[in-house]
Amino acid sequence: MPRPKFLLGWVLATLVLGGCAAGPSPRSASGGEPQTSPIAQRSINTAQAQLERGDAEGALAEAELAVKSDPRSPSAYLTRGAALEALGRALEAGEDYQRAARIAPRSGPVLNAYGAWLCRAGRTDEALKAFSDAIADEAYRQPTQALANAGSCAAEAGRVEQAEFNFRAALTLSPQSIQALSGMARLEHRRGDSLKARAFLQRREAVAPLTAAELALAIEIETAAGDVRAATRYRNQLATLAAEFEASSPPSDTGSSRQ
């Protein structure tokens, strides 16, 4: 679908998570991004699989190999940054995201990932600039994500009108954008418009099951709307989700320490 030019113009002019989504896999290529060598790509793929399994240490080791194999690969730095963040080393992660952005300063996937980190670091203006630059990459196949991230980041900073514009722009490109639908539900709830908030959350629920945070929001919305039955239904869903999480969590070690 061609990107409406007015979206680009407005976002670039104003410098456009919920939190920000990290972006598509670093293996995604864009017009402004150098190709990664096959050897480095194998390490990147392995690192990403390990991150999905929760093995951040293993992912970091593989990402280190990718960086050494191809020090000009922005994808390698993005992957190492993701592993470092998973290990709680956010400042080091930011350095890697910045390195990637320096190598590929016009790559949508790279700038979206860097912008997401900047937003998490509280550097809102820089984050919104990165998202706007990501959207400007005509080869970027996921502009909806950058728009939704810009909306989430603006909402976090209390820039409600800017957040709404970006969420609606994301929904223009992808009406089923989970992040944008959830973001609009939160904005409308914050404004005190329970009916509009409910409508956006129902659209969101039609796409995929609600997360725990979204279920909590649904309870607030339905309580404000005076719909006790709906609020109870969402409370039951949240309780079920909590029980499933508890059942899947490994048992804590309450025994005596080993000598």
# chains A, B, ... in the order shown; residues from 1 in each chain; ligands from 1
>>> residues_around(residues="Leu215 in chain A", least_positions_apart="3", cutoff="12 Å", atoms="only C-alpha atoms", output="ChimeraX atom specification")
/A:182,185-186,198,201-202,204-205,209-212,218-222,230-242
>>> residues_around(residues="Arg168 in chain A", least_positions_apart="2", cutoff="9 Å", atoms="only C-alpha atoms", output="PyMOL selection string")
chain A and resi 147-148+151+163-166+170-173+175+180-181+184
>>> atom_distance(atom1="CA of Ala63 in chain A", atom2="CA of Ala83 in chain A")
7.8 Å
>>> residues_around(residues="Gly54 in chain A", least_positions_apart="4", cutoff="12 Å", atoms="only C-alpha atoms", output="PyMOL selection string")
chain A and resi 47-50+58-60+82-83+86-87
>>> closest_residue(among="A:Gln162, A:Asn149, A:Gln179, A:Ser73", to="Ile103 in chain A", atoms="only C-alpha atoms")
A:Ser73
>>> closest_residue(among="A:Glu214, A:Asp137, A:Glu161, A:Glu244", to="Pro105 in chain A", atoms="only C-alpha atoms")
A:Asp137
>>> closest_residue(among="A:Glu62, A:Asp125, A:Asp227, A:Glu57", to="Leu84 in chain A", atoms="only C-alpha atoms")
A:Glu57
>>> select_by_dssp(residues="range 26-258 of chain A", states="helix (DSSP H, G or I)", output="PDB file with C-alpha atoms, in the first residue's frame")
ATOM      1  CA  PRO A  38      26.392 -14.592   5.535  1.00  0.00           C
ATOM      2  CA  ILE A  39      28.672 -15.573   8.429  1.00  0.00           C
ATOM      3  CA  ALA A  40      27.475 -12.681  10.589  1.00  0.00           C
ATOM      4  CA  GLN A  41      23.861 -13.344   9.588  1.00  0.00           C
ATOM      5  CA  ARG A  42      24.069 -16.900  10.888  1.00  0.00           C
ATOM      6  CA  SER A  43      25.225 -15.611  14.269  1.00  0.00           C
ATOM      7  CA  ILE A  44      22.470 -12.980  14.246  1.00  0.00           C
ATOM      8  CA  ASN A  45      19.827 -15.616  13.508  1.00  0.00           C
ATOM      9  CA  THR A  46      21.130 -17.807  16.324  1.00  0.00           C
ATOM     10  CA  ALA A  47      21.246 -14.870  18.730  1.00  0.00           C
ATOM     11  CA  GLN A  48      17.662 -13.929  17.952  1.00  0.00           C
ATOM     12  CA  ALA A  49      16.476 -17.488  18.512  1.00  0.00           C
ATOM     13  CA  GLN A  50      18.275 -17.517  21.864  1.00  0.00           C
ATOM     14  CA  LEU A  51      16.664 -14.206  22.846  1.00  0.00           C
ATOM     15  CA  GLU A  52      13.251 -15.681  22.070  1.00  0.00           C
ATOM     16  CA  ARG A  53      14.084 -18.583  24.384  1.00  0.00           C
ATOM     17  CA  ALA A  56      20.305 -13.492  26.859  1.00  0.00           C
ATOM     18  CA  GLU A  57      23.859 -14.573  27.735  1.00  0.00           C
ATOM     19  CA  GLY A  58      23.997 -16.976  24.803  1.00  0.00           C
ATOM     20  CA  ALA A  59      22.482 -14.346  22.535  1.00  0.00           C
ATOM     21  CA  LEU A  60      25.129 -11.836  23.566  1.00  0.00           C
ATOM     22  CA  ALA A  61      27.926 -14.302  22.798  1.00  0.00           C
ATOM     23  CA  GLU A  62      26.504 -14.949  19.314  1.00  0.00           C
ATOM     24  CA  ALA A  63      25.955 -11.235  18.701  1.00  0.00           C
ATOM     25  CA  GLU A  64      29.591 -10.581  19.643  1.00  0.00           C
ATOM     26  CA  LEU A  65      30.615 -13.076  16.953  1.00  0.00           C
ATOM     27  CA  ALA A  66      28.391 -11.284  14.446  1.00  0.00           C
ATOM     28  CA  VAL A  67      29.981  -7.912  15.231  1.00  0.00           C
ATOM     29  CA  LYS A  68      33.469  -9.376  14.904  1.00  0.00           C
ATOM     30  CA  SER A  69      32.573 -11.075  11.617  1.00  0.00           C
ATOM     31  CA  PRO A  74      23.976  -2.496  11.612  1.00  0.00           C
ATOM     32  CA  SER A  75      21.945  -5.665  12.198  1.00  0.00           C
ATOM     33  CA  ALA A  76      24.790  -7.107  14.259  1.00  0.00           C
ATOM     34  CA  TYR A  77      24.824  -4.047  16.520  1.00  0.00           C
ATOM     35  CA  LEU A  78      21.033  -4.047  16.861  1.00  0.00           C
ATOM     36  CA  THR A  79      21.132  -7.687  17.900  1.00  0.00           C
ATOM     37  CA  ARG A  80      23.909  -7.107  20.415  1.00  0.00           C
ATOM     38  CA  GLY A  81      21.987  -4.110  21.744  1.00  0.00           C
ATOM     39  CA  ALA A  82      18.877  -6.237  22.234  1.00  0.00           C
ATOM     40  CA  ALA A  83      20.896  -8.849  24.126  1.00  0.00           C
ATOM     41  CA  LEU A  84      22.506  -6.191  26.314  1.00  0.00           C
ATOM     42  CA  GLU A  85      19.102  -4.711  27.132  1.00  0.00           C
ATOM     43  CA  ALA A  86      17.800  -8.155  28.048  1.00  0.00           C
ATOM     44  CA  ALA A  90      20.737  -0.413  28.868  1.00  0.00           C
ATOM     45  CA  LEU A  91      23.494   2.178  28.458  1.00  0.00           C
ATOM     46  CA  GLU A  92      25.741  -0.228  26.584  1.00  0.00           C
ATOM     47  CA  ALA A  93      22.762  -1.251  24.471  1.00  0.00           C
ATOM     48  CA  GLY A  94      22.187   2.375  23.558  1.00  0.00           C
ATOM     49  CA  GLU A  95      25.755   2.671  22.322  1.00  0.00           C
ATOM     50  CA  ASP A  96      25.157  -0.250  19.955  1.00  0.00           C
ATOM     51  CA  TYR A  97      21.871   1.181  18.679  1.00  0.00           C
ATOM     52  CA  GLN A  98      23.657   4.459  18.045  1.00  0.00           C
ATOM     53  CA  ARG A  99      26.469   2.680  16.192  1.00  0.00           C
ATOM     54  CA  ALA A 100      23.908   1.010  13.965  1.00  0.00           C
ATOM     55  CA  ALA A 101      22.264   4.372  13.252  1.00  0.00           C
ATOM     56  CA  ARG A 102      25.611   5.903  12.334  1.00  0.00           C
ATOM     57  CA  ILE A 103      26.301   3.122   9.854  1.00  0.00           C
ATOM     58  CA  GLY A 108      13.902   2.554   8.661  1.00  0.00           C
ATOM     59  CA  PRO A 109      14.398  -0.657  10.707  1.00  0.00           C
ATOM     60  CA  VAL A 110      17.570   0.695  12.306  1.00  0.00           C
ATOM     61  CA  LEU A 111      16.099   4.107  13.142  1.00  0.00           C
ATOM     62  CA  ASN A 112      12.920   2.551  14.502  1.00  0.00           C
ATOM     63  CA  ALA A 113      14.917   0.316  16.850  1.00  0.00           C
ATOM     64  CA  TYR A 114      17.137   3.222  17.917  1.00  0.00           C
ATOM     65  CA  GLY A 115      14.090   5.421  18.465  1.00  0.00           C
ATOM     66  CA  ALA A 116      12.473   2.763  20.655  1.00  0.00           C
ATOM     67  CA  TRP A 117      15.580   2.663  22.846  1.00  0.00           C
ATOM     68  CA  LEU A 118      15.733   6.466  23.024  1.00  0.00           C
ATOM     69  CA  CYS A 119      12.111   6.540  24.144  1.00  0.00           C
ATOM     70  CA  ARG A 120      12.734   3.924  26.825  1.00  0.00           C
ATOM     71  CA  THR A 124      11.635  11.778  23.855  1.00  0.00           C
ATOM     72  CA  ASP A 125      12.579  14.477  21.335  1.00  0.00           C
ATOM     73  CA  GLU A 126      15.451  12.405  19.953  1.00  0.00           C
ATOM     74  CA  ALA A 127      13.223   9.329  19.819  1.00  0.00           C
ATOM     75  CA  LEU A 128      10.504  11.121  17.870  1.00  0.00           C
ATOM     76  CA  LYS A 129      13.093  12.464  15.445  1.00  0.00           C
ATOM     77  CA  ALA A 130      14.395   8.922  14.903  1.00  0.00           C
ATOM     78  CA  PHE A 131      10.874   7.635  14.231  1.00  0.00           C
ATOM     79  CA  SER A 132      10.196  10.415  11.738  1.00  0.00           C
ATOM     80  CA  ASP A 133      13.454   9.603   9.935  1.00  0.00           C
ATOM     81  CA  ALA A 134      12.473   5.916   9.894  1.00  0.00           C
ATOM     82  CA  ILE A 135       9.175   6.780   8.224  1.00  0.00           C
ATOM     83  CA  PRO A 143       6.187   2.312   8.546  1.00  0.00           C
ATOM     84  CA  THR A 144       3.105   1.410  10.613  1.00  0.00           C
ATOM     85  CA  GLN A 145       5.370   0.275  13.405  1.00  0.00           C
ATOM     86  CA  ALA A 146       7.356   3.502  13.462  1.00  0.00           C
ATOM     87  CA  LEU A 147       4.118   5.530  13.457  1.00  0.00           C
ATOM     88  CA  ALA A 148       2.692   3.455  16.316  1.00  0.00           C
ATOM     89  CA  ASN A 149       5.971   3.795  18.216  1.00  0.00           C
ATOM     90  CA  ALA A 150       5.860   7.557  17.687  1.00  0.00           C
ATOM     91  CA  GLY A 151       2.327   7.557  19.070  1.00  0.00           C
ATOM     92  CA  SER A 152       3.321   5.551  22.143  1.00  0.00           C
ATOM     93  CA  CYS A 153       6.345   7.731  22.773  1.00  0.00           C
ATOM     94  CA  ALA A 154       4.341  10.944  22.422  1.00  0.00           C
ATOM     95  CA  ALA A 155       1.656   9.562  24.742  1.00  0.00           C
ATOM     96  CA  GLU A 156       4.291   8.711  27.358  1.00  0.00           C
ATOM     97  CA  VAL A 160      -1.823  13.734  23.468  1.00  0.00           C
ATOM     98  CA  GLU A 161      -2.622  15.395  20.133  1.00  0.00           C
ATOM     99  CA  GLN A 162       0.642  14.245  18.611  1.00  0.00           C
ATOM    100  CA  ALA A 163       0.084  10.730  19.947  1.00  0.00           C
ATOM    101  CA  GLU A 164      -3.425  10.591  18.508  1.00  0.00           C
ATOM    102  CA  PHE A 165      -2.295  11.764  15.072  1.00  0.00           C
ATOM    103  CA  ASN A 166       0.381   9.108  14.873  1.00  0.00           C
ATOM    104  CA  PHE A 167      -1.877   6.321  16.143  1.00  0.00           C
ATOM    105  CA  ARG A 168      -4.536   7.265  13.603  1.00  0.00           C
ATOM    106  CA  ALA A 169      -1.905   7.473  10.866  1.00  0.00           C
ATOM    107  CA  ALA A 170      -0.762   3.966  11.796  1.00  0.00           C
ATOM    108  CA  LEU A 171      -4.369   2.739  11.644  1.00  0.00           C
ATOM    109  CA  THR A 172      -4.779   4.328   8.215  1.00  0.00           C
ATOM    110  CA  LEU A 173      -1.982   2.082   6.950  1.00  0.00           C
ATOM    111  CA  ILE A 178      -2.448  -3.807  17.905  1.00  0.00           C
ATOM    112  CA  GLN A 179      -0.205  -1.087  19.320  1.00  0.00           C
ATOM    113  CA  ALA A 180      -2.184   1.745  17.715  1.00  0.00           C
ATOM    114  CA  LEU A 181      -5.593   0.350  18.732  1.00  0.00           C
ATOM    115  CA  SER A 182      -4.446  -0.170  22.307  1.00  0.00           C
ATOM    116  CA  GLY A 183      -2.858   3.289  22.324  1.00  0.00           C
ATOM    117  CA  MET A 184      -6.055   4.953  21.117  1.00  0.00           C
ATOM    118  CA  ALA A 185      -8.080   3.086  23.762  1.00  0.00           C
ATOM    119  CA  ARG A 186      -5.766   4.469  26.442  1.00  0.00           C
ATOM    120  CA  LEU A 187      -5.971   8.009  25.051  1.00  0.00           C
ATOM    121  CA  GLU A 188      -9.777   7.967  24.948  1.00  0.00           C
ATOM    122  CA  HIS A 189      -9.932   6.514  28.458  1.00  0.00           C
ATOM    123  CA  ARG A 190      -7.618   9.247  29.676  1.00  0.00           C
ATOM    124  CA  ARG A 191      -9.979  11.792  28.126  1.00  0.00           C
ATOM    125  CA  SER A 194     -15.560   5.418  27.829  1.00  0.00           C
ATOM    126  CA  LEU A 195     -17.570   4.675  24.698  1.00  0.00           C
ATOM    127  CA  LYS A 196     -14.737   5.509  22.298  1.00  0.00           C
ATOM    128  CA  ALA A 197     -12.195   3.784  24.541  1.00  0.00           C
ATOM    129  CA  ARG A 198     -14.367   0.648  24.574  1.00  0.00           C
ATOM    130  CA  ALA A 199     -14.754   0.732  20.777  1.00  0.00           C
ATOM    131  CA  PHE A 200     -10.997   0.852  20.201  1.00  0.00           C
ATOM    132  CA  LEU A 201     -10.350  -1.887  22.762  1.00  0.00           C
ATOM    133  CA  GLN A 202     -13.011  -4.111  21.196  1.00  0.00           C
ATOM    134  CA  ARG A 203     -11.301  -3.665  17.826  1.00  0.00           C
ATOM    135  CA  ARG A 204      -8.023  -4.543  19.524  1.00  0.00           C
ATOM    136  CA  GLU A 205      -9.546  -7.645  21.143  1.00  0.00           C
ATOM    137  CA  ALA A 206     -10.842  -8.827  17.773  1.00  0.00           C
ATOM    138  CA  VAL A 207      -7.249  -9.045  16.489  1.00  0.00           C
ATOM    139  CA  ALA A 212      -2.648  -8.439  31.177  1.00  0.00           C
ATOM    140  CA  ALA A 213      -2.120  -4.675  30.926  1.00  0.00           C
ATOM    141  CA  GLU A 214      -4.899  -4.381  28.351  1.00  0.00           C
ATOM    142  CA  LEU A 215      -7.253  -6.471  30.495  1.00  0.00           C
ATOM    143  CA  ALA A 216      -6.582  -4.116  33.395  1.00  0.00           C
ATOM    144  CA  LEU A 217      -7.385  -1.201  31.093  1.00  0.00           C
ATOM    145  CA  ALA A 218     -10.588  -2.942  29.971  1.00  0.00           C
ATOM    146  CA  ILE A 219     -11.659  -3.306  33.604  1.00  0.00           C
ATOM    147  CA  GLU A 220     -11.107   0.418  34.161  1.00  0.00           C
ATOM    148  CA  ILE A 221     -13.006   1.347  30.993  1.00  0.00           C
ATOM    149  CA  GLU A 222     -16.007  -0.876  31.736  1.00  0.00           C
ATOM    150  CA  THR A 223     -16.099   0.228  35.370  1.00  0.00           C
ATOM    151  CA  ALA A 224     -16.142   3.860  34.252  1.00  0.00           C
ATOM    152  CA  ALA A 225     -18.880   3.011  31.735  1.00  0.00           C
ATOM    153  CA  VAL A 228     -20.495  -4.359  35.791  1.00  0.00           C
ATOM    154  CA  ARG A 229     -20.968  -7.540  33.771  1.00  0.00           C
ATOM    155  CA  ALA A 230     -18.255  -6.642  31.246  1.00  0.00           C
ATOM    156  CA  ALA A 231     -15.875  -5.522  33.998  1.00  0.00           C
ATOM    157  CA  THR A 232     -16.408  -8.852  35.785  1.00  0.00           C
ATOM    158  CA  ARG A 233     -15.755 -10.773  32.567  1.00  0.00           C
ATOM    159  CA  TYR A 234     -12.436  -8.992  32.099  1.00  0.00           C
ATOM    160  CA  ARG A 235     -11.528  -9.555  35.765  1.00  0.00           C
ATOM    161  CA  ASN A 236     -12.101 -13.281  35.289  1.00  0.00           C
ATOM    162  CA  GLN A 237      -9.938 -13.273  32.165  1.00  0.00           C
ATOM    163  CA  LEU A 238      -7.178 -11.460  34.051  1.00  0.00           C
ATOM    164  CA  ALA A 239      -7.371 -13.937  36.927  1.00  0.00           C
ATOM    165  CA  THR A 240      -7.137 -16.852  34.483  1.00  0.00           C
ATOM    166  CA  LEU A 241      -4.134 -15.272  32.785  1.00  0.00           C
ATOM    167  CA  ALA A 242      -2.424 -14.739  36.160  1.00  0.00           C
ATOM    168  CA  ALA A 243      -3.077 -18.361  37.146  1.00  0.00           C
ATOM    169  CA  GLU A 244      -1.650 -19.619  33.855  1.00  0.00           C
ATOM    170  CA  PHE A 245       1.446 -17.496  34.344  1.00  0.00           C
ATOM    171  CA  GLU A 246       1.872 -18.758  37.894  1.00  0.00           C
ATOM    172  CA  ALA A 247       1.525 -22.360  36.748  1.00  0.00           C
ATOM    173  CA  SER A 248       4.128 -21.899  34.006  1.00  0.00           C
TER     174      SER A 248
END
